[in-house]
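Below is one structure, written out as structure tokens, with a few remarks after it.
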Amino acid sequence: MTSDDILSDRANGPVIEANGVRRRYADGFEAVSGISFSVARGELFALLGTNGAGKTSTVELLEGLAAPSDGTVRVLGHDPYRERAAVRPRTGVMLQEGGFPSDLTVLETARMWSACTTGARPAAEALGMVGLTARSGVRVKQLSGGEKRRLDLALALTSRPEVLFLDEPTTGLDAEGRQETWELVRALRDNGTTVLLTTHYLEEAEALADRLAIMHQGRIVTTGTIAEVTARQPARIRFVLPDAVPAARLPLSLRAAAEGPRVEIRTPSLQESLHELLEWARESGVQLHGLDARSASLEEAFLDIAKTQHAPRDQDPRQVPGRSTRSGSTTKVTA
């Protein structure tokens with residue numbers, strides 16, 4: 001896939017597209033409530049959300065595991081549920097759990113999966129990409145949780161996917177393993193692979209995502225680049241005043257909140273507010289101790305959504321059905 005191919009595909013439309021998508025279960029519970037978004041070729045799009053937000057229910061529709069109750073889903077220009085044969089060979093899917101036969105070795109598992117995949121990478125190559133070559137002869141049941149996640153990723157890469165779905169890819173990995181996985185995912189994206197990522201690690205989304213959407217109660221509450229999403233939240237300035245200087249002396253325009261000598265200012269205009277504060281401090285001869293000024297983080301934006309969108313919707317008594325694993329069993333239940 002060349003850069004010209006990527007630009008051509010972007011001009012021809014998104015690789016992943018959801019329009020007005022809803023997903024209702026048999027008992028009437030609506031896990032996804034009319035969401036729309038798109039992902040361009042070679043883009044890494046992170047889908048974030050509070051617990052029960054509808055992320056997994058959404059990703060299952062994109063993967064073709066179910067059809068939407070309303071709206072349309074397209075992957076590579078096709079309906080992934082009704083035109084599965086046209087979509088599945090071109091996609092890779094990493095579920096939350098793999099459900100591998102526990103008595104097979106790592107290499108046997110990769111060879112079995114490769115034999116079922118059209119145009120597959122050699123099993124040894126896929127294992128090498130995720131750092132499992134040295135564990136090839138170990139039985140799956142003897143792997144650590146993090147190693148099983150690496151095996152999940154190796155199998156998702158076996159088909160040389162144009163579109164890669166990663167559902168919580170670094171759960172159970174140590175810091176080094178997480179960094180190595182991030183490097184691999186970045187390399188795949190840079191070579192033209194379109195990646196849709198769900199994660200509970202906000203630093204992972206910050207490190208990897210070109211754009212993201214945050215879901216809450218089945219709806220997309222905000223979407224955009226990291227900078228766009230965080231810019232919608234106020235920046236903050238914190239400092240400690242000298243004992244002899246009450247917070248009441250601060251300019252009223254700064255809208256400061258104080259707890260004793262500790263002061264916090266929330267502002268949509270960090271540069272202007274900081275300039276005003278420093279000018280006041282200079283003119284007043286006041287030393288601001290521990291001065292810390294920073295833009296909002298993705299974590300702050302996420303927590304603000306979780307806090308302000310507080311009205312709980314009715315929960316499915318089954319807590320929303322779990323996802324099918326490769327072995328046909330059921331994974332842990334997550335919406």
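Just remember, in the structure tokens the first chain shown is A, the second B, etc., residues are 1-based per chain, and ligands are 1-based in the order shown.
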Quiz prompt | Which of segment 69-210 of chain A DSSP labels helix (DSSP H, G or I), written as a PyMOL selection string | solution = chain A and resi 84-90+106-115+123-129+133-135+140-142+145-156+175-190+202-208
Mind dumping a table of every segment 187-279 of chain A residue within 9 Å of segment 301-304 of chain A, with the nearest atom pair and its distance in Å to one decimal, using only C-alpha atoms, sorted by chain and rising number, as CSV?
```
residue,atom,partner,partner_atom,distance
A:Leu202,CA,A:Phe302,CA,8.6
A:Ile214,CA,A:Phe302,CA,7.5
A:Val229,CA,A:Ala301,CA,7.2
A:Thr230,CA,A:Ala301,CA,6.0
A:Ala231,CA,A:Ala301,CA,8.9
A:Arg232,CA,A:Ala301,CA,7.9
A:Gln233,CA,A:Ala301,CA,6.1
```
Practice problem: In Å, rounded to a single decimal, give me how far atom CA of Asp167 of chain A is from atom CA of Leu151 of chain A. | Solution: 13.6 Å
Quiz item: So how far away is atom CA of Leu188 of chain A from atom CA of Arg160 of chain A, in Å?
Solution: 9.8 Å
Could I get the residues of segment 145-177 of chain A with an atom no further than 10 Å from an atom of segment 38-45 of chain A, each paired with its nearest atom pair and that distance in Å to one decimal, using only C-alpha atoms, sorted by chain and residue number, as CSV?
```
residue,atom,partner,partner_atom,distance
A:Glu162,CA,A:Arg41,CA,8.5
A:Val163,CA,A:Arg41,CA,8.3
A:Leu164,CA,A:Leu44,CA,9.4
A:Phe165,CA,A:Phe45,CA,9.9
```
Expected file contents, prior selection, N, CA, C and O atoms, as a CSV table (one decimal), in the first residue's frame:
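Output file again-v3.csv is given in full below:
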```csv
chain,number,residue,atom,x,y,z
A,162,GLU,N,-6.0,-5.0,6.2
A,162,GLU,CA,-6.1,-3.6,5.8
A,162,GLU,C,-6.8,-2.8,6.9
A,162,GLU,O,-6.6,-1.6,7.1
A,163,VAL,N,-7.7,-3.4,7.6
A,163,VAL,CA,-8.4,-2.8,8.8
A,163,VAL,C,-8.2,-3.7,10.0
A,163,VAL,O,-8.4,-4.9,9.9
A,164,LEU,N,-7.8,-3.1,11.1
A,164,LEU,CA,-7.4,-3.9,12.3
A,164,LEU,C,-8.3,-3.4,13.5
A,164,LEU,O,-8.3,-2.2,13.8
A,165,PHE,N,-9.1,-4.3,14.1
A,165,PHE,CA,-9.9,-3.9,15.2
A,165,PHE,C,-9.1,-4.4,16.5
A,165,PHE,O,-8.9,-5.6,16.6
```
Quiz prompt | Residue among A:Ala235, A:Leu76, A:Leu155, A:Leu278 lying closest to Phe100 of chain A, counting only C-alpha atoms | solution =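 Smallest separation from Phe100 of chain A among the options: A:Leu155.
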Quiz item: Can you tell me, as a VMD selection string, what residues are no more than 10 Å from segment 257-274 of chain A when counting only C-alpha atoms, ignoring any on the same chain fewer than 6 positions away?
Solution: chain A and resid 231 to 248 250 280 288 to 296
Quiz prompt | Selected residue of minimal separation from Asp174 of chain A among A:Arg121, A:Arg149, A:Arg88, A:Arg186, counting only C-alpha atoms | solution =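 Among A:Arg121, A:Arg149, A:Arg88, A:Arg186, it is A:Arg149 that comes nearest to Asp174 of chain A.
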Exercise. May I have the residues within 9 Å of Arg22 of chain A as a count of residues only, using only C-alpha atoms and disregarding those fewer than 2 positions away in the same chain?
Key: 15
Self-check item: Thr198 of chain A surroundings by only C-alpha atoms, 7 Å radius, close-in-sequence under 2 positions cut, as a PyMOL selection string
Solution: chain A and resi 46-48+166-168+196
Quiz item: Using only C-alpha atoms, which of the listed residues (A:Ala110, A:Ala227, A:Leu298, A:Leu104) sits closest to Glu203 of chain A?
Solution: A:Leu298
Practice problem: Might you pull out every residue within 9 Å of Gly172 of chain A, with only C-alpha atoms counted and same-chain residues fewer than 2 positions away left off, and present them as a PyMOL selection string? | Solution: chain A and resi 144-149+169-170+174+178
Emit the selected residues as a short mmCIF file (atom, residue, chain, number, x, y, z; two decimals), in the first residue's frame, including N, CA, C and O atoms.
```cif
data_model
loop_
_atom_site.label_atom_id
_atom_site.label_comp_id
_atom_site.auth_asym_id
_atom_site.auth_seq_id
_atom_site.Cartn_x
_atom_site.Cartn_y
_atom_site.Cartn_z
N SER A 144 1.49 -16.32 30.36
CA SER A 144 0.97 -15.29 31.25
C SER A 144 -0.18 -14.56 30.54
O SER A 144 -0.38 -14.71 29.32
N GLY A 145 -0.90 -13.76 31.30
CA GLY A 145 -1.99 -12.99 30.69
C GLY A 145 -1.50 -12.07 29.60
O GLY A 145 -2.13 -11.95 28.54
N GLY A 146 -0.37 -11.42 29.83
CA GLY A 146 0.18 -10.53 28.82
C GLY A 146 0.62 -11.28 27.57
O GLY A 146 0.46 -10.79 26.45
N GLU A 147 1.20 -12.48 27.75
CA GLU A 147 1.63 -13.27 26.59
C GLU A 147 0.42 -13.73 25.77
O GLU A 147 0.48 -13.80 24.54
N LYS A 148 -0.67 -14.04 26.44
CA LYS A 148 -1.89 -14.42 25.71
C LYS A 148 -2.41 -13.25 24.88
O LYS A 148 -2.91 -13.45 23.77
N ARG A 149 -2.27 -12.02 25.40
CA ARG A 149 -2.69 -10.86 24.62
C ARG A 149 -1.79 -10.70 23.39
O ARG A 149 -2.27 -10.32 22.31
N PRO A 169 -6.16 -3.95 23.64
CA PRO A 169 -5.03 -4.78 23.21
C PRO A 169 -3.91 -4.94 24.22
O PRO A 169 -3.16 -5.92 24.14
N THR A 170 -3.76 -4.03 25.17
CA THR A 170 -2.61 -4.12 26.08
C THR A 170 -3.00 -4.49 27.51
O THR A 170 -2.17 -4.37 28.42
N ASP A 174 2.94 -5.66 30.75
CA ASP A 174 3.73 -4.77 31.58
C ASP A 174 4.09 -3.53 30.77
O ASP A 174 3.75 -3.42 29.59
N ARG A 178 3.71 -3.01 26.75
CA ARG A 178 2.77 -2.02 26.22
C ARG A 178 3.46 -1.11 25.23
O ARG A 178 2.93 -0.82 24.15
#
```
Quiz item: Leaving out Arg135 of chain A and any residue of its chain fewer than 2 positions from it, which residues lie within 12 Å of it when counting only C-alpha atoms, given as an MDAnalysis selection string?
Solution: chainID A and resid 105:110 124 127:128 130:133 137:140 142:144 147:148 150:151
Practice problem: Could you check which of A:Lys55, A:Arg211, A:Arg84, A:Glu17 is closest to Ser36 of chain A, using only C-alpha atoms? | Solution: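 Comparing A:Lys55, A:Arg211, A:Arg84, A:Glu17 against Ser36 of chain A, the winner is A:Glu17.
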Quiz item: Using only C-alpha atoms, which of the listed residues (A:Leu197, A:Ala26, A:Ala154, A:Ala18) sits closest to Asp210 of chain A?
Solution: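 Of the candidates, the smallest distance to Asp210 of chain A is held by A:Leu197.
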Quiz item: Between A:Lys141, A:Arg23, A:Arg255, A:Arg90, which is the closest to Thr118 of chain A once you count only C-alpha atoms?
Solution: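 Smallest distance to Thr118 of chain A is found for A:Arg90.
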Quiz item: Between atom CA of Ala115 of chain A and atom CA of Ile16 of chain A, what is the spacing in Å?
Solution: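 Straight-line distance from atom CA of Ile16 of chain A to atom CA of Ala115 of chain A works out to 27.3 Å.
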